[in-house]
Structure formats: structure tokens, C-alpha cells
Amino acid sequence: MAPLQLTCSLDSACCTLVTRQLPGGDDGQEPQLETLACLLDGSLRTLLGANGRSGLELGPPQQLPPPVGLRGSPIQDAVYDAFTNRVLISYGGCIGSLTASNALRPVAGHLEEGGVVDGPGPDARLECPSFLCSDGRGGLYFTRGSRGAMGERVVRLQMPTSWRAGAEGGKAAGGDAPGMAGAGAAEQAHVTTLPFRMPSAVQGLAYSPPPSGGSGCGALVIATQTALYRLPLGEGGAVGDAPAPVLWVGREGEMGTTDGPVSEARFCAIWELRLEADGTAWVAEDLHRTTAVRRVAPDGTVTTLARVSGRYRTPIILPNGYLVLCCADHDETDCILALDLGLKSPPLGPTAAAAPAAGPPRRTLHADMGALLDAQPDGTADLTLVVAGRRFPVHRAILIARGDYFKRRLAAETFADGSAAELSLPDTDPAAFALLLRFVYTGAADIPPALAPAVAELADRLLVPELCADAQAAVLSSMSAETVVGSLLWAEQLGGSFSGLLSSLKAWYLEHHEEVLEAAPESVGRLASESPSLLVELMRGLTRSAKRQRIA
């Protein structure tokens, strides 16, 4: 049965919607939720009915201070930030903070100066920050570039701890909103471009918190046109266990609308996403004159729940549980569309992590295992692995528990030298093996791009598929016009576990073909010489892409 649909007409196109928490009254009233529609004409309107189920309509425009509003720049994107208990907005080349009374303070960037510059808030240049996403811990993530020219880089804005709502002496706790005006360097937000490049333009960002009661700092979910990726996060918003996002669902460059388990599901043209608290993702897909609304379960299973006529984007879950989409087809009447899919009202109130307790930091298994590896030789190792003359003291039980190759190799009944105190691994790069060993002990390894191919091959050979996937992601994230042909030939030769990477590399080449011809024309000649069939396949892909553009 088709879900219930409600339409709310607008005076102007809707850029985004955001729900915020308003303070309770002096008489002890509970805080109230207010959903705002940020319109292209610069107005900010309350979406009445967002907390109930009696219909939706717009309230009158709210007063906004310059340089935003009807007489300034429209709010291009907005997200509620539980860390500051504020709405963070993008306008022009700026990120700003909006209080419950709509006082605006700049946080980073410059209204009239674009560019790509990291650094403290006043010095950073942002160039149309898009897809704002808060982790509730002081980190804001976004891309640089307009929605018509989305970038391939993800940027983090880290706010100082003094901005935390309720922090003693914190700016966010008092009447003043957090911002950079007049603040010292320690009180400013800091902008950093994360050290990876997505294989194609980013189409959406969302934060996935750690499971209830679980440890960790959650993950960033990143959408491209045909795939979803996950990037584990560390303390302070740092990149966590993976040096680059790891493919979660879909296949880069491979278009389709297939539902099903993670291995089979495909996407065609993702137009942003939102996450529920349990990690379920909601994706809007542009199917030309139709929009598909698809649910991605935490295990990666994809289900299409609705197809609606028209082009819609920016899925938002309202307090009443409706999934709302903004009309993106300006040839039609400006409106928002609400679907009743039986969703639960998402949590909103300040859920920022509490201040750490006094005393020594909490010990973790991966940190202790890393310390054990770093302490070698300390007399606890019962096996030495010899790699190109370099000796690695290790613990037999750990290797057996963590990998099928070592489990088989160290079984005395399988290999004659399985019980030996010293084993050799021929034809192995010691630097790559050191990274593999760290991954075996700790479950994480920082893979330099130059070493990523060797690590991927070794992890595949020694049956460590998780590290192989991480290393392949590192190869893809560091791709350039000068290196793509060599990587294509390498992945094609390896086949098997590298078939997914090969598909992603093909998609990267098709998108950057002109750059390759400009920067490395000789590499195309190498491709023709070493793999003419691959060159023919890529040329056919370019032809199909050109036909699709003409039809569009």
C-alpha cells in the first residue's frame, strides 16, 4: 500500500528544513521543538504542524539579522548541533551559528571571499559549504562546492570545548552564541580538509552514532551518486580506524535500482540522505521525473518504499515521524512533500558527550594490543617471522585467532614447520607486513597512499580481507590523472578480490578522462599497449556517457 502523502505549498523553493530545540519558559515548561523551512528567497519560516499529524503549513517569516534573510543571503543549508544547542547554517562562503532568538554569529569563512583554505575560523575560506552534518561532539562536516558542482573532499570544522552547551563559562551556555568574533585562537573553530578524496562527487553526508551503550565515536556516512561509504571517526573528530571511507552499499560508477542485500543492491542517482538513531539510512534518488525513497538497513539491505512523481531531494525526518522531501524541480510548484512511513520521531535534545571523568583515560583493547606489539621483543613472543631479513617477534595465539592464513600455516598437522619457533615469509615487503601485523593486533592501520597497493596485495594473499578493503580504499582515495592507468592495469591483473576496486577505477577514469589526456597522455598509450580490451571498454563507457548527456 502506498504511504500517506501530504503536500505543503511554498512561496519560494525550499533549500532545507531543520528542527531545533527552543528553551522552556520560566514556569518550568519543557523545551519545545520547532521545525524551520529555509527558503531560497531568504526567508526563514516555521513549519506549523511538524510536531503533530493535523497537516502542514508555513508560518510568517521570522526576523533574521543581516547578512542573511530577505535582504541578504539565503540560508543554503542548516543542521541542529547538540554540542552547542544551536542551529549551524551555511550562507555564501560562511558557516554561522543561529540561536533560539535568531541571533547570528559567524563561525568560519568569509561572506565575500571564496576559496579553499584551512585554518582558524576567521582565516578559513569555504566556497559554498554544503551537506552540513553534526556529530554532536563539537564536529561539523561538510563539502566545499555548490550543489551543482559538488566537491570530492570532506571538510571538518572542530569547535572548542568551551562552546559546549551547559559548559561552565562556555559561550553556548550563556546568552551569546558561539562565534569567532573577538575570540582568541583557543576559542575559535578550526577548519581541516580530511586526508582523502572521494572517487566521485559527494551527494550527501550523515553522522551515525555508536550503538547504544557501545564504545567508539561513530562514523560518517558519505554518499556519492551510486554508493554509500562509511568512515569511522576517532576522538576529536579525527579519522578513526580507516584512512579512507570504506564502501558500505552500492558500487561506485555502477548504476542500478536493485533492492536487496548489501552485495546486490545498487543505486542510480542519490540526492542526499538522512540517518535514524539506529543507523538506518533514508536516501532520495533522482530517477529523472520520478523520485525513489529507499531505506538502507544497518546491515546494508536496501528496500524501495515509495516512488513519487516529480524531483525531490533533502530528506528530513520531522518530530512527528513524517519523512519530508523538498521539491527540486523549479518548473513545478514550489512545495515540500511529507510521507508517512511509520518512522519514529528522531532524538534531538542536547546529546553531546559528557565531559570526561577525572583520572586516567579508559584503557581499550586495541590500544593495549598495540602497546604489546610495540614492546617486542619483551620475552612474551613465542614465534619469530622473518621478512626480507627483518625479524618480527609475534604471539602465535594472536595470529591464529586473527587470520585464516596463520591459523592454517601454524597448524602442525597442516605444515611441517607449523610448530617451528621461526618462520619465513618470502616475497613479502617488510614495510607492508609491519602494517598488516599492526592491523592483526589492533584492528586498525594508517596506510600511506604509496604503500597501499603493496598492503592490499599482501592482505589478500594472507587472507585479511578487512585490511585488503581498507588498502583498496586508500588506493582509490589518492587517485590522480597521472596514476589512474597504472592502477587500472594493476587491479585488472590481480582480479578476484580486486574486481570491485577495478569497477571504481573505471568509473574514476570515465569521470576524469579529459584530465588524464591533459596530464598524462602517454599513459593512455600504455593502456592501449598493455590492455587493449580494457581501453575499448572505457571508450564504450565514454560513448554511453556522452549519449546520456545528450538525451538529458
# chains A, B, ... in the order shown; residues from 1 in each chain; ligands from 1
$ select_by_dssp --residues "range 317-544 of chain A" --states "strand (DSSP E or B)" --output "PyMOL selection string"
chain A and resi 317+323-327+335-340+383-387+390-394+422-424
$ write_last_selection --atoms "N, CA and C atoms" --output "CSV table (one decimal), in the first residue's frame"
chain,number,residue,atom,x,y,z
A,317,ILE,N,13.6,13.9,8.6
A,317,ILE,CA,12.6,13.3,9.4
A,317,ILE,C,12.1,14.3,10.5
A,323,LEU,N,8.6,11.7,6.9
A,323,LEU,CA,9.8,11.9,6.1
A,323,LEU,C,9.4,13.0,5.1
A,324,VAL,N,10.1,14.1,5.1
A,324,VAL,CA,9.8,15.2,4.2
A,324,VAL,C,10.9,15.4,3.2
A,325,LEU,N,10.5,15.7,2.0
A,325,LEU,CA,11.4,16.0,0.8
A,325,LEU,C,11.1,17.4,0.3
A,326,CYS,N,12.1,18.1,-0.2
A,326,CYS,CA,12.0,19.4,-0.8
A,326,CYS,C,11.9,19.2,-2.3
A,327,CYS,N,11.0,19.9,-2.9
A,327,CYS,CA,10.9,19.9,-4.4
A,327,CYS,C,12.1,20.5,-5.0
A,335,CYS,N,7.2,23.3,-3.3
A,335,CYS,CA,6.4,22.6,-2.3
A,335,CYS,C,7.4,21.7,-1.5
A,336,ILE,N,6.9,21.2,-0.4
A,336,ILE,CA,7.6,20.1,0.3
A,336,ILE,C,6.6,19.0,0.4
A,337,LEU,N,7.1,17.7,0.3
A,337,LEU,CA,6.2,16.5,0.3
A,337,LEU,C,6.5,15.7,1.6
A,338,ALA,N,5.5,15.4,2.3
A,338,ALA,CA,5.6,14.6,3.5
A,338,ALA,C,5.1,13.2,3.3
A,339,LEU,N,5.8,12.2,3.7
A,339,LEU,CA,5.4,10.8,3.5
A,339,LEU,C,5.3,10.2,4.9
A,340,ASP,N,4.2,9.5,5.2
A,340,ASP,CA,4.0,8.8,6.5
A,340,ASP,C,4.5,7.4,6.3
A,383,LEU,N,57.1,-16.8,18.7
A,383,LEU,CA,57.3,-17.0,17.3
A,383,LEU,C,58.0,-15.8,16.7
A,384,THR,N,58.9,-16.1,15.8
A,384,THR,CA,59.6,-15.0,15.0
A,384,THR,C,59.3,-15.2,13.5
A,385,LEU,N,58.8,-14.2,12.9
A,385,LEU,CA,58.5,-14.2,11.5
A,385,LEU,C,59.6,-13.4,10.8
A,386,VAL,N,60.3,-14.0,9.8
A,386,VAL,CA,61.4,-13.3,9.1
A,386,VAL,C,60.9,-12.9,7.7
A,387,VAL,N,61.0,-11.6,7.5
A,387,VAL,CA,60.5,-11.0,6.2
A,387,VAL,C,61.6,-10.2,5.6
A,390,ARG,N,64.2,-9.0,7.9
A,390,ARG,CA,63.7,-8.3,9.1
A,390,ARG,C,63.0,-9.3,10.0
A,391,ARG,N,63.2,-9.2,11.3
A,391,ARG,CA,62.7,-10.2,12.2
A,391,ARG,C,61.5,-9.5,13.0
A,392,PHE,N,60.4,-10.2,13.1
A,392,PHE,CA,59.2,-9.7,13.8
A,392,PHE,C,58.8,-10.7,14.9
A,393,PRO,N,59.1,-10.4,16.2
A,393,PRO,CA,58.7,-11.3,17.3
A,393,PRO,C,57.1,-11.1,17.4
A,394,VAL,N,56.4,-12.3,17.4
A,394,VAL,CA,54.9,-12.2,17.5
A,394,VAL,C,54.4,-13.3,18.4
A,422,GLU,N,60.5,-20.3,14.3
A,422,GLU,CA,60.9,-19.2,13.4
A,422,GLU,C,60.3,-19.6,12.0
A,423,LEU,N,59.6,-18.7,11.4
A,423,LEU,CA,59.1,-19.0,10.0
A,423,LEU,C,59.5,-17.8,9.1
A,424,SER,N,59.6,-18.2,7.8
A,424,SER,CA,60.0,-17.2,6.8
A,424,SER,C,58.8,-16.9,5.9
$ residues_around --residues "range 455-468 of chain A" --least-positions-apart "6" --cutoff "12 Å" --atoms "only C-alpha atoms" --output "CSV table (one decimal) with C-alpha atoms, in the first residue's frame"
chain,number,residue,atom,x,y,z
A,241,ASP,CA,40.2,3.1,12.1
A,242,ALA,CA,40.3,3.6,8.3
A,243,PRO,CA,42.5,6.0,6.4
A,244,ALA,CA,39.7,6.5,3.8
A,246,VAL,CA,35.1,2.1,3.2
A,247,LEU,CA,32.4,1.0,0.7
A,399,LEU,CA,47.9,-14.7,14.8
A,400,ILE,CA,45.9,-17.9,14.8
A,401,ALA,CA,42.9,-16.1,16.3
A,402,ARG,CA,43.0,-13.2,13.8
A,403,GLY,CA,43.6,-14.7,10.4
A,404,ASP,CA,42.9,-17.8,8.4
A,405,TYR,CA,46.3,-17.9,6.7
A,406,PHE,CA,48.2,-18.0,10.0
A,407,LYS,CA,45.6,-20.4,11.5
A,408,ARG,CA,46.4,-22.9,8.7
A,409,ARG,CA,50.1,-22.2,8.5
A,425,LEU,CA,57.6,-15.2,4.6
A,426,PRO,CA,59.3,-15.0,1.2
A,427,ASP,CA,58.4,-12.4,-1.5
A,428,THR,CA,57.0,-10.0,1.1
A,429,ASP,CA,57.6,-6.3,1.6
A,430,PRO,CA,58.6,-5.8,5.2
A,431,ALA,CA,57.0,-2.3,5.4
A,432,ALA,CA,53.7,-3.6,4.2
A,433,PHE,CA,54.0,-6.6,6.6
A,434,ALA,CA,54.6,-4.3,9.5
A,435,LEU,CA,51.3,-2.5,8.7
A,436,LEU,CA,49.5,-5.9,8.3
A,437,LEU,CA,50.8,-7.0,11.7
A,438,ARG,CA,49.6,-3.8,13.3
A,439,PHE,CA,46.1,-4.4,11.8
A,440,VAL,CA,46.2,-8.0,13.1
A,441,TYR,CA,46.9,-6.9,16.6
A,442,THR,CA,44.8,-3.7,16.8
A,443,GLY,CA,42.2,-3.9,14.0
A,444,ALA,CA,43.4,-0.6,12.5
A,445,ALA,CA,46.4,0.6,10.5
A,446,ASP,CA,47.2,4.0,9.0
A,447,ILE,CA,48.1,3.2,5.4
A,448,PRO,CA,50.2,5.7,3.4
A,449,PRO,CA,49.0,6.0,-0.2
A,474,ALA,CA,43.4,4.1,0.3
A,475,VAL,CA,44.4,3.5,-3.3
A,476,LEU,CA,41.1,4.9,-4.6
A,490,TRP,CA,47.3,-3.4,-11.6
A,491,ALA,CA,43.8,-4.1,-10.4
A,493,GLN,CA,45.9,-8.1,-13.4
A,494,LEU,CA,45.0,-9.1,-9.8
A,495,GLY,CA,41.3,-9.7,-10.5
A,496,GLY,CA,39.3,-11.7,-7.8
A,497,SER,CA,39.1,-9.6,-4.6
A,498,PHE,CA,40.1,-6.5,-6.7
A,500,GLY,CA,35.2,-4.0,-7.0
A,501,LEU,CA,38.2,-1.7,-7.0
$ residues_around --residues "range 78-80 of chain A" --least-positions-apart "4" --cutoff "6 Å" --atoms "only C-alpha atoms" --output "ChimeraX atom specification"
/A:18,20,87-89
$ atom_distance --atom1 "CA of Leu341 in chain A" --atom2 "CA of Ala306 in chain A"
9.0 Å
$ residues_around --residues "Val221 in chain A" --least-positions-apart "3" --cutoff "6 Å" --atoms "only C-alpha atoms" --output "list in words"
Leu205, Ala206, Tyr229 and Arg230 of chain A
$ select_by_dssp --residues "range 372-530 of chain A" --states "alpha helix (DSSP H)" --output "NGL selection string"
:A and (372-374 or 396-402 or 404-409 or 430-442 or 452-461 or 465-477 or 484-494 or 499-511 or 513-519 or 521-530)
$ atom_distance --atom1 "CA of Gly72 in chain A" --atom2 "CA of Arg105 in chain A"
14.8 Å
$ decode --residues "range 418-526 of chain A" --atoms "C-alpha atoms" --output "PDB file, in the first residue's frame"
ATOM      1  CA  GLY A 418      53.882 -25.191  11.790  1.00  0.00           C
ATOM      2  CA  SER A 419      55.367 -25.750  15.241  1.00  0.00           C
ATOM      3  CA  ALA A 420      58.702 -24.123  14.457  1.00  0.00           C
ATOM      4  CA  ALA A 421      59.861 -21.153  16.506  1.00  0.00           C
ATOM      5  CA  GLU A 422      60.851 -19.218  13.382  1.00  0.00           C
ATOM      6  CA  LEU A 423      59.082 -18.953  10.035  1.00  0.00           C
ATOM      7  CA  SER A 424      59.975 -17.158   6.828  1.00  0.00           C
ATOM      8  CA  LEU A 425      57.581 -15.232   4.572  1.00  0.00           C
ATOM      9  CA  PRO A 426      59.277 -14.986   1.169  1.00  0.00           C
ATOM     10  CA  ASP A 427      58.423 -12.364  -1.478  1.00  0.00           C
ATOM     11  CA  THR A 428      56.996 -10.006   1.142  1.00  0.00           C
ATOM     12  CA  ASP A 429      57.565  -6.262   1.592  1.00  0.00           C
ATOM     13  CA  PRO A 430      58.612  -5.754   5.245  1.00  0.00           C
ATOM     14  CA  ALA A 431      57.029  -2.284   5.429  1.00  0.00           C
ATOM     15  CA  ALA A 432      53.703  -3.638   4.164  1.00  0.00           C
ATOM     16  CA  PHE A 433      53.965  -6.588   6.550  1.00  0.00           C
ATOM     17  CA  ALA A 434      54.560  -4.265   9.509  1.00  0.00           C
ATOM     18  CA  LEU A 435      51.262  -2.532   8.715  1.00  0.00           C
ATOM     19  CA  LEU A 436      49.481  -5.860   8.304  1.00  0.00           C
ATOM     20  CA  LEU A 437      50.838  -7.016  11.660  1.00  0.00           C
ATOM     21  CA  ARG A 438      49.573  -3.838  13.345  1.00  0.00           C
ATOM     22  CA  PHE A 439      46.139  -4.435  11.820  1.00  0.00           C
ATOM     23  CA  VAL A 440      46.162  -8.042  13.063  1.00  0.00           C
ATOM     24  CA  TYR A 441      46.943  -6.889  16.601  1.00  0.00           C
ATOM     25  CA  THR A 442      44.815  -3.728  16.815  1.00  0.00           C
ATOM     26  CA  GLY A 443      42.192  -3.887  14.041  1.00  0.00           C
ATOM     27  CA  ALA A 444      43.432  -0.610  12.526  1.00  0.00           C
ATOM     28  CA  ALA A 445      46.365   0.642  10.469  1.00  0.00           C
ATOM     29  CA  ASP A 446      47.224   4.021   8.983  1.00  0.00           C
ATOM     30  CA  ILE A 447      48.053   3.160   5.356  1.00  0.00           C
ATOM     31  CA  PRO A 448      50.179   5.687   3.431  1.00  0.00           C
ATOM     32  CA  PRO A 449      48.981   6.005  -0.188  1.00  0.00           C
ATOM     33  CA  ALA A 450      52.406   4.988  -1.544  1.00  0.00           C
ATOM     34  CA  LEU A 451      52.235   1.716   0.383  1.00  0.00           C
ATOM     35  CA  ALA A 452      48.550   0.996  -0.181  1.00  0.00           C
ATOM     36  CA  PRO A 453      48.949  -1.281  -3.257  1.00  0.00           C
ATOM     37  CA  ALA A 454      51.547  -3.453  -1.525  1.00  0.00           C
ATOM     38  CA  VAL A 455      49.397  -3.672   1.613  1.00  0.00           C
ATOM     39  CA  ALA A 456      46.317  -4.596  -0.436  1.00  0.00           C
ATOM     40  CA  GLU A 457      48.150  -7.390  -2.256  1.00  0.00           C
ATOM     41  CA  LEU A 458      49.701  -8.754   0.933  1.00  0.00           C
ATOM     42  CA  ALA A 459      46.413  -8.633   2.846  1.00  0.00           C
ATOM     43  CA  ASP A 460      44.724 -10.531   0.015  1.00  0.00           C
ATOM     44  CA  ARG A 461      47.482 -13.139  -0.029  1.00  0.00           C
ATOM     45  CA  LEU A 462      47.487 -13.584   3.761  1.00  0.00           C
ATOM     46  CA  LEU A 463      43.667 -13.702   3.946  1.00  0.00           C
ATOM     47  CA  VAL A 464      42.993 -10.466   5.843  1.00  0.00           C
ATOM     48  CA  PRO A 465      40.016  -9.178   3.763  1.00  0.00           C
ATOM     49  CA  GLU A 466      39.194  -6.214   6.027  1.00  0.00           C
ATOM     50  CA  LEU A 467      42.670  -4.754   5.630  1.00  0.00           C
ATOM     51  CA  CYS A 468      42.601  -5.518   1.913  1.00  0.00           C
ATOM     52  CA  ALA A 469      39.390  -3.457   1.610  1.00  0.00           C
ATOM     53  CA  ASP A 470      40.896  -0.583   3.625  1.00  0.00           C
ATOM     54  CA  ALA A 471      44.039  -0.584   1.488  1.00  0.00           C
ATOM     55  CA  GLN A 472      41.982  -0.604  -1.710  1.00  0.00           C
ATOM     56  CA  ALA A 473      40.034   2.392  -0.375  1.00  0.00           C
ATOM     57  CA  ALA A 474      43.359   4.143   0.271  1.00  0.00           C
ATOM     58  CA  VAL A 475      44.394   3.454  -3.335  1.00  0.00           C
ATOM     59  CA  LEU A 476      41.143   4.919  -4.611  1.00  0.00           C
ATOM     60  CA  SER A 477      41.192   7.983  -2.345  1.00  0.00           C
ATOM     61  CA  SER A 478      44.658   9.014  -3.541  1.00  0.00           C
ATOM     62  CA  MET A 479      43.879   8.553  -7.253  1.00  0.00           C
ATOM     63  CA  SER A 480      45.108  11.152  -9.751  1.00  0.00           C
ATOM     64  CA  ALA A 481      45.195  11.631 -13.515  1.00  0.00           C
ATOM     65  CA  GLU A 482      48.851  10.579 -13.511  1.00  0.00           C
ATOM     66  CA  THR A 483      48.312   7.306 -11.606  1.00  0.00           C
ATOM     67  CA  VAL A 484      44.903   6.005 -12.682  1.00  0.00           C
ATOM     68  CA  VAL A 485      46.075   3.983 -15.697  1.00  0.00           C
ATOM     69  CA  GLY A 486      48.769   2.195 -13.689  1.00  0.00           C
ATOM     70  CA  SER A 487      46.196   1.395 -11.007  1.00  0.00           C
ATOM     71  CA  LEU A 488      43.718   0.127 -13.598  1.00  0.00           C
ATOM     72  CA  LEU A 489      46.277  -2.259 -15.083  1.00  0.00           C
ATOM     73  CA  TRP A 490      47.334  -3.405 -11.610  1.00  0.00           C
ATOM     74  CA  ALA A 491      43.779  -4.102 -10.431  1.00  0.00           C
ATOM     75  CA  GLU A 492      42.870  -5.848 -13.697  1.00  0.00           C
ATOM     76  CA  GLN A 493      45.883  -8.143 -13.398  1.00  0.00           C
ATOM     77  CA  LEU A 494      45.008  -9.117  -9.811  1.00  0.00           C
ATOM     78  CA  GLY A 495      41.284  -9.740 -10.451  1.00  0.00           C
ATOM     79  CA  GLY A 496      39.344 -11.680  -7.797  1.00  0.00           C
ATOM     80  CA  SER A 497      39.148  -9.573  -4.642  1.00  0.00           C
ATOM     81  CA  PHE A 498      40.117  -6.502  -6.660  1.00  0.00           C
ATOM     82  CA  SER A 499      37.165  -6.587  -9.075  1.00  0.00           C
ATOM     83  CA  GLY A 500      35.227  -4.020  -7.035  1.00  0.00           C
ATOM     84  CA  LEU A 501      38.219  -1.676  -6.988  1.00  0.00           C
ATOM     85  CA  LEU A 502      38.614  -2.151 -10.742  1.00  0.00           C
ATOM     86  CA  SER A 503      34.993  -1.049 -11.271  1.00  0.00           C
ATOM     87  CA  SER A 504      35.580   2.043  -9.116  1.00  0.00           C
ATOM     88  CA  LEU A 505      38.781   2.867 -11.012  1.00  0.00           C
ATOM     89  CA  LYS A 506      36.936   2.573 -14.326  1.00  0.00           C
ATOM     90  CA  ALA A 507      34.295   4.992 -13.059  1.00  0.00           C
ATOM     91  CA  TRP A 508      37.027   7.383 -11.889  1.00  0.00           C
ATOM     92  CA  TYR A 509      38.715   7.258 -15.286  1.00  0.00           C
ATOM     93  CA  LEU A 510      35.438   7.931 -17.135  1.00  0.00           C
ATOM     94  CA  GLU A 511      34.760  10.973 -14.970  1.00  0.00           C
ATOM     95  CA  HIS A 512      38.306  12.345 -15.321  1.00  0.00           C
ATOM     96  CA  HIS A 513      39.133  11.269 -18.877  1.00  0.00           C
ATOM     97  CA  GLU A 514      39.898  14.812 -20.064  1.00  0.00           C
ATOM     98  CA  GLU A 515      42.229  15.378 -17.113  1.00  0.00           C
ATOM     99  CA  VAL A 516      44.102  12.151 -17.936  1.00  0.00           C
ATOM    100  CA  LEU A 517      44.570  13.212 -21.554  1.00  0.00           C
ATOM    101  CA  GLU A 518      45.856  16.596 -20.419  1.00  0.00           C
ATOM    102  CA  ALA A 519      48.168  15.474 -17.589  1.00  0.00           C
ATOM    103  CA  ALA A 520      49.336  12.012 -18.709  1.00  0.00           C
ATOM    104  CA  PRO A 521      48.621  11.349 -22.417  1.00  0.00           C
ATOM    105  CA  GLU A 522      51.399   8.753 -22.562  1.00  0.00           C
ATOM    106  CA  SER A 523      49.519   6.631 -20.014  1.00  0.00           C
ATOM    107  CA  VAL A 524      46.655   6.170 -22.496  1.00  0.00           C
ATOM    108  CA  GLY A 525      49.190   4.784 -24.945  1.00  0.00           C
ATOM    109  CA  ARG A 526      50.391   2.402 -22.256  1.00  0.00           C
TER     110      ARG A 526
END
